[in-house]
Every structure is written in C-alpha cells, then in structure tokens.
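> Provided below: input-v8.txt, containing compact mmCIF, N, CA, C and O atoms.
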# COMPACT_ATOMS: atom_id res chain seq x y z
N MET A 84 16.19 50.21 -55.57
CA MET A 84 15.86 48.80 -55.56
C MET A 84 17.00 48.03 -54.92
O MET A 84 18.15 48.45 -54.99
N ILE A 85 16.64 46.89 -54.32
CA ILE A 85 17.66 46.02 -53.74
C ILE A 85 17.55 44.64 -54.40
O ILE A 85 16.46 44.23 -54.81
N LEU A 86 18.69 43.96 -54.50
CA LEU A 86 18.72 42.62 -55.06
C LEU A 86 18.58 41.59 -53.95
O LEU A 86 19.25 41.69 -52.91
N LEU A 87 17.71 40.61 -54.18
CA LEU A 87 17.50 39.52 -53.23
C LEU A 87 17.46 38.20 -53.99
O LEU A 87 17.36 38.19 -55.22
N SER A 88 17.52 37.08 -53.26
CA SER A 88 17.52 35.76 -53.88
C SER A 88 16.31 34.96 -53.44
O SER A 88 16.01 34.87 -52.25
N ARG A 89 15.64 34.36 -54.44
CA ARG A 89 14.55 33.43 -54.14
C ARG A 89 15.15 32.14 -53.60
O ARG A 89 16.36 31.91 -53.70
N LEU A 90 14.31 31.26 -53.06
CA LEU A 90 14.79 30.00 -52.52
C LEU A 90 15.44 29.11 -53.58
O LEU A 90 16.34 28.33 -53.27
N ASN A 91 15.03 29.28 -54.85
CA ASN A 91 15.63 28.48 -55.92
C ASN A 91 16.94 29.07 -56.44
O ASN A 91 17.53 28.56 -57.38
N GLY A 92 17.37 30.19 -55.84
CA GLY A 92 18.66 30.79 -56.18
C GLY A 92 18.60 31.91 -57.20
O GLY A 92 19.60 32.57 -57.43
N THR A 93 17.44 32.12 -57.83
CA THR A 93 17.35 33.22 -58.80
C THR A 93 17.31 34.55 -58.07
O THR A 93 16.73 34.67 -56.99
N GLU A 94 17.93 35.53 -58.69
CA GLU A 94 17.99 36.87 -58.12
C GLU A 94 16.89 37.74 -58.70
O GLU A 94 16.53 37.59 -59.87
N PHE A 95 16.36 38.64 -57.88
CA PHE A 95 15.37 39.60 -58.36
C PHE A 95 15.52 40.89 -57.57
O PHE A 95 16.14 40.92 -56.51
N ALA A 96 14.98 41.97 -58.13
CA ALA A 96 15.08 43.28 -57.49
C ALA A 96 13.72 43.68 -56.94
O ALA A 96 12.69 43.42 -57.54
N VAL A 97 13.75 44.32 -55.79
CA VAL A 97 12.53 44.79 -55.13
C VAL A 97 12.65 46.29 -54.89
O VAL A 97 13.68 46.78 -54.43
N ASP A 98 11.57 47.00 -55.19
CA ASP A 98 11.50 48.44 -54.91
C ASP A 98 11.25 48.60 -53.41
O ASP A 98 10.20 48.21 -52.90
N VAL A 99 12.22 49.17 -52.70
CA VAL A 99 12.11 49.27 -51.24
C VAL A 99 10.94 50.14 -50.80
O VAL A 99 10.44 49.98 -49.69
N ASP A 100 10.49 51.03 -51.66
CA ASP A 100 9.35 51.87 -51.31
C ASP A 100 8.04 51.09 -51.28
O ASP A 100 7.04 51.57 -50.76
N LEU A 101 8.04 49.89 -51.84
CA LEU A 101 6.83 49.07 -51.87
C LEU A 101 6.80 48.01 -50.76
O LEU A 101 5.81 47.29 -50.62
N ILE A 102 7.86 47.93 -49.96
CA ILE A 102 7.91 46.93 -48.89
C ILE A 102 7.11 47.43 -47.70
O ILE A 102 7.33 48.52 -47.18
N GLU A 103 6.16 46.58 -47.28
CA GLU A 103 5.37 46.88 -46.08
C GLU A 103 6.04 46.30 -44.85
O GLU A 103 6.12 46.94 -43.81
N ARG A 104 6.48 45.04 -44.96
CA ARG A 104 7.13 44.41 -43.80
C ARG A 104 8.05 43.28 -44.24
O ARG A 104 7.92 42.74 -45.33
N VAL A 105 8.98 42.95 -43.33
CA VAL A 105 9.92 41.85 -43.52
C VAL A 105 9.81 40.98 -42.28
O VAL A 105 9.97 41.47 -41.17
N GLU A 106 9.52 39.69 -42.49
CA GLU A 106 9.33 38.78 -41.37
C GLU A 106 10.26 37.58 -41.52
O GLU A 106 10.53 37.14 -42.62
N GLY A 107 10.69 37.05 -40.40
CA GLY A 107 11.47 35.81 -40.39
C GLY A 107 10.71 34.77 -39.60
O GLY A 107 10.50 34.95 -38.41
N ASN A 108 10.29 33.68 -40.26
CA ASN A 108 9.43 32.72 -39.54
C ASN A 108 9.49 31.31 -40.10
O ASN A 108 8.47 30.80 -40.50
N PRO A 109 10.49 30.51 -40.15
CA PRO A 109 11.91 30.85 -40.08
C PRO A 109 12.44 31.41 -41.40
O PRO A 109 13.47 32.08 -41.41
N ASP A 110 11.73 31.16 -42.53
CA ASP A 110 12.16 31.78 -43.79
C ASP A 110 11.84 33.26 -43.75
O ASP A 110 10.90 33.69 -43.08
N THR A 111 12.60 34.04 -44.48
CA THR A 111 12.35 35.47 -44.56
C THR A 111 11.28 35.72 -45.61
O THR A 111 11.42 35.31 -46.77
N VAL A 112 10.21 36.38 -45.20
CA VAL A 112 9.10 36.69 -46.08
C VAL A 112 8.98 38.21 -46.18
O VAL A 112 8.89 38.90 -45.15
N ILE A 113 9.00 38.71 -47.41
CA ILE A 113 8.84 40.14 -47.65
C ILE A 113 7.42 40.34 -48.18
O ILE A 113 7.03 39.70 -49.15
N THR A 114 6.68 41.23 -47.54
CA THR A 114 5.32 41.54 -47.97
C THR A 114 5.30 42.96 -48.51
O THR A 114 5.76 43.90 -47.84
N LEU A 115 4.80 43.11 -49.73
CA LEU A 115 4.68 44.43 -50.35
C LEU A 115 3.35 45.06 -49.96
O LEU A 115 2.44 44.39 -49.46
N ILE A 116 3.21 46.35 -50.23
CA ILE A 116 1.99 47.06 -49.83
C ILE A 116 0.75 46.55 -50.55
O ILE A 116 -0.36 46.72 -50.05
N ASP A 117 0.92 45.87 -51.69
CA ASP A 117 -0.24 45.31 -52.40
C ASP A 117 -0.55 43.88 -51.97
O ASP A 117 -1.43 43.23 -52.51
N GLY A 118 0.18 43.36 -50.96
CA GLY A 118 -0.06 42.03 -50.45
C GLY A 118 0.80 40.95 -51.06
O GLY A 118 0.80 39.81 -50.59
N THR A 119 1.55 41.26 -52.12
CA THR A 119 2.45 40.30 -52.74
C THR A 119 3.50 39.87 -51.73
O THR A 119 4.06 40.70 -51.01
N LYS A 120 3.78 38.57 -51.67
CA LYS A 120 4.77 38.05 -50.73
C LYS A 120 5.89 37.36 -51.49
O LYS A 120 5.65 36.67 -52.48
N TYR A 121 7.10 37.56 -51.02
CA TYR A 121 8.28 36.90 -51.57
C TYR A 121 9.02 36.21 -50.43
O TYR A 121 9.24 36.82 -49.38
N VAL A 122 9.41 34.96 -50.65
CA VAL A 122 10.26 34.24 -49.70
C VAL A 122 11.68 34.31 -50.24
O VAL A 122 11.92 33.98 -51.40
N VAL A 123 12.60 34.78 -49.41
CA VAL A 123 13.98 34.99 -49.85
C VAL A 123 14.96 34.25 -48.95
O VAL A 123 14.63 33.88 -47.82
N THR A 124 16.16 34.04 -49.47
CA THR A 124 17.18 33.31 -48.70
C THR A 124 17.88 34.18 -47.67
O THR A 124 18.41 33.66 -46.68
N GLU A 125 17.89 35.49 -47.87
CA GLU A 125 18.60 36.38 -46.96
C GLU A 125 17.86 36.47 -45.63
O GLU A 125 16.63 36.52 -45.60
N PRO A 126 18.60 36.52 -44.51
CA PRO A 126 17.94 36.72 -43.22
C PRO A 126 17.36 38.14 -43.11
O PRO A 126 17.78 39.05 -43.85
N THR A 127 16.42 38.31 -42.21
CA THR A 127 15.76 39.62 -42.08
C THR A 127 16.76 40.74 -41.82
O THR A 127 16.62 41.83 -42.38
N THR A 128 17.78 40.46 -41.02
CA THR A 128 18.76 41.50 -40.71
C THR A 128 19.50 41.97 -41.96
O THR A 128 19.81 43.15 -42.10
N GLU A 129 19.77 41.04 -42.89
CA GLU A 129 20.45 41.39 -44.14
C GLU A 129 19.54 42.21 -45.04
O GLU A 129 19.97 43.18 -45.66
N VAL A 130 18.26 41.84 -45.12
CA VAL A 130 17.31 42.61 -45.94
C VAL A 130 17.21 44.03 -45.40
O VAL A 130 17.28 45.00 -46.16
N ILE A 131 17.10 44.17 -44.10
CA ILE A 131 17.01 45.50 -43.49
C ILE A 131 18.29 46.30 -43.74
O ILE A 131 18.23 47.49 -44.06
N ALA A 132 19.43 45.64 -43.63
CA ALA A 132 20.71 46.32 -43.89
C ALA A 132 20.77 46.82 -45.33
O ALA A 132 21.25 47.93 -45.59
N ARG A 133 20.28 46.03 -46.28
CA ARG A 133 20.29 46.45 -47.69
C ARG A 133 19.34 47.62 -47.91
O ARG A 133 19.64 48.52 -48.70
N ILE A 134 18.22 47.62 -47.23
CA ILE A 134 17.28 48.75 -47.34
C ILE A 134 17.93 50.02 -46.80
O ILE A 134 17.87 51.08 -47.42
N ILE A 135 18.57 49.91 -45.64
CA ILE A 135 19.24 51.07 -45.04
C ILE A 135 20.35 51.58 -45.96
O ILE A 135 20.47 52.79 -46.18
N GLU A 136 21.14 50.66 -46.51
CA GLU A 136 22.22 51.07 -47.42
C GLU A 136 21.67 51.76 -48.66
O GLU A 136 22.19 52.78 -49.11
N PHE A 137 20.59 51.23 -49.21
CA PHE A 137 19.97 51.83 -50.39
C PHE A 137 19.51 53.25 -50.07
O PHE A 137 19.80 54.19 -50.82
N ARG A 138 18.81 53.42 -48.97
CA ARG A 138 18.32 54.75 -48.60
C ARG A 138 19.47 55.72 -48.33
O ARG A 138 19.39 56.89 -48.68
N ALA A 139 20.53 55.24 -47.72
CA ALA A 139 21.71 56.08 -47.46
C ALA A 139 22.34 56.53 -48.78
O ALA A 139 22.75 57.68 -48.92
N ARG A 140 22.40 55.61 -49.78
CA ARG A 140 22.95 55.98 -51.09
C ARG A 140 22.08 57.03 -51.76
O ARG A 140 22.59 57.96 -52.41
N VAL A 141 20.77 56.91 -51.64
CA VAL A 141 19.86 57.90 -52.23
C VAL A 141 20.11 59.27 -51.61
O VAL A 141 20.24 60.27 -52.31
N ILE A 142 20.21 59.32 -50.29
CA ILE A 142 20.44 60.59 -49.60
C ILE A 142 21.80 61.17 -49.97
O ILE A 142 21.93 62.36 -50.24
N ALA A 143 22.83 60.31 -50.00
CA ALA A 143 24.17 60.78 -50.35
C ALA A 143 24.22 61.31 -51.77
O ALA A 143 24.85 62.34 -52.05
N THR A 144 23.54 60.62 -52.68
CA THR A 144 23.50 61.07 -54.08
C THR A 144 22.77 62.40 -54.20
O THR A 144 23.22 63.29 -54.92
N ALA A 145 21.67 62.54 -53.49
CA ALA A 145 20.92 63.79 -53.53
C ALA A 145 21.75 64.93 -52.95
O ALA A 145 21.76 66.04 -53.49
N ASP A 146 22.45 64.64 -51.86
CA ASP A 146 23.30 65.65 -51.24
C ASP A 146 24.43 66.05 -52.17
O ASP A 146 24.75 67.23 -52.32
N ASP A 147 25.04 65.08 -52.82
CA ASP A 147 26.12 65.33 -53.78
C ASP A 147 25.61 66.16 -54.95
O ASP A 147 26.25 67.10 -55.41
N PHE A 148 24.42 65.82 -55.43
CA PHE A 148 23.80 66.57 -56.53
C PHE A 148 23.54 68.01 -56.13
O PHE A 148 23.82 68.94 -56.88
N ALA A 149 23.02 68.20 -54.90
CA ALA A 149 22.72 69.54 -54.42
C ALA A 149 23.98 70.39 -54.33
O ALA A 149 23.94 71.60 -54.56
N ASP A 150 25.12 69.76 -53.99
CA ASP A 150 26.38 70.48 -53.91
C ASP A 150 26.86 70.97 -55.27
O ASP A 150 27.61 71.94 -55.36
N HIS A 151 26.42 70.32 -56.35
CA HIS A 151 26.86 70.68 -57.68
C HIS A 151 25.90 71.62 -58.42
O HIS A 151 26.22 72.10 -59.49
N VAL A 152 24.74 71.85 -57.85
CA VAL A 152 23.76 72.74 -58.49
C VAL A 152 24.13 74.17 -58.13
O VAL A 152 24.37 74.50 -56.98
N GLU A 153 24.16 75.00 -59.14
CA GLU A 153 24.46 76.40 -58.90
C GLU A 153 23.25 77.09 -58.30
O GLU A 153 22.13 76.88 -58.72
N HIS A 154 23.49 77.96 -57.34
CA HIS A 154 22.38 78.68 -56.67
C HIS A 154 22.20 80.02 -57.31
O HIS A 154 22.90 80.79 -57.65
Will you turn the file into structure tokens for me?

Amino acid sequence: MILLSRLNGTEFAVDVDLIERVEGNPDTVITLIDGTKYVVTEPTTEVIARIIEFRARVIATADDFADHVEH
C-alpha cells in the first residue's frame, strides 16, 4: 500500500494492486479497478514513483526472504 493525501489534507492508503490508472487533469485522479476514484494532492509522477518504490520493496523483501530459506 502507498500513502496519499486527499485535497483536504487527510492521508489514506491505497492498495497498488487495485489501481487501474492515474491521471492528471489538472488534479491527480486515481481510478481503482472497481471504478472508485480518488483525487489526491500528489502529482502523477509522485504517485507513480511511490508505486514503483513499493513494488521494488516487495521484490527486495521477497529476495531477502528467499536468501534466508534453507534449501
């Protein structure tokens, strides 16, 4: 999950696996696969960067875990 901010300043977490698209027009709108839309203060590039960082952490954690599992 990634943390984002609504226009009123409240923070919320979004499951990146449920994001269908991220649009900037001019506000950033995140659309989930079920059609739910969220308007956030972060620019599209920042949302995408957070998604990439989250996925990289998942892969790194899985790789680290695999290194510690006995074969």
> Write out as a PyMOL selection string the set of residues from chain A that DSSP, computed on the backbone, places in helix (DSSP H, G or I).
chain A and resi 99-101+127-151
> My list of candidates is A:Val112, A:Ala145, A:Thr119, A:Ile85. Which is closest to Asp100 (chain A) when distances are computed with only N, CA, C and O atoms?
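Among the listed residues, the smallest separation from Asp100 (chain A) belongs to A:Ile85.
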> Suppose you want the space between CA of Thr128 (chain A) and atom O of Thr111 (chain A); what is it in Å?
11.4 Å
> What residues in chain A get the DSSP label strand (DSSP E)? Please answer as a PyMOL selection string.
chain A and resi 85-88+94-97+102-107+111-115+120-123
> Which is closer to Arg89 (chain A) than all the others in A:Val130, A:Val123, A:Ala149, A:Val141, using all atoms listed in the file?
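The answer is A:Val123, which sits nearest to Arg89 (chain A).
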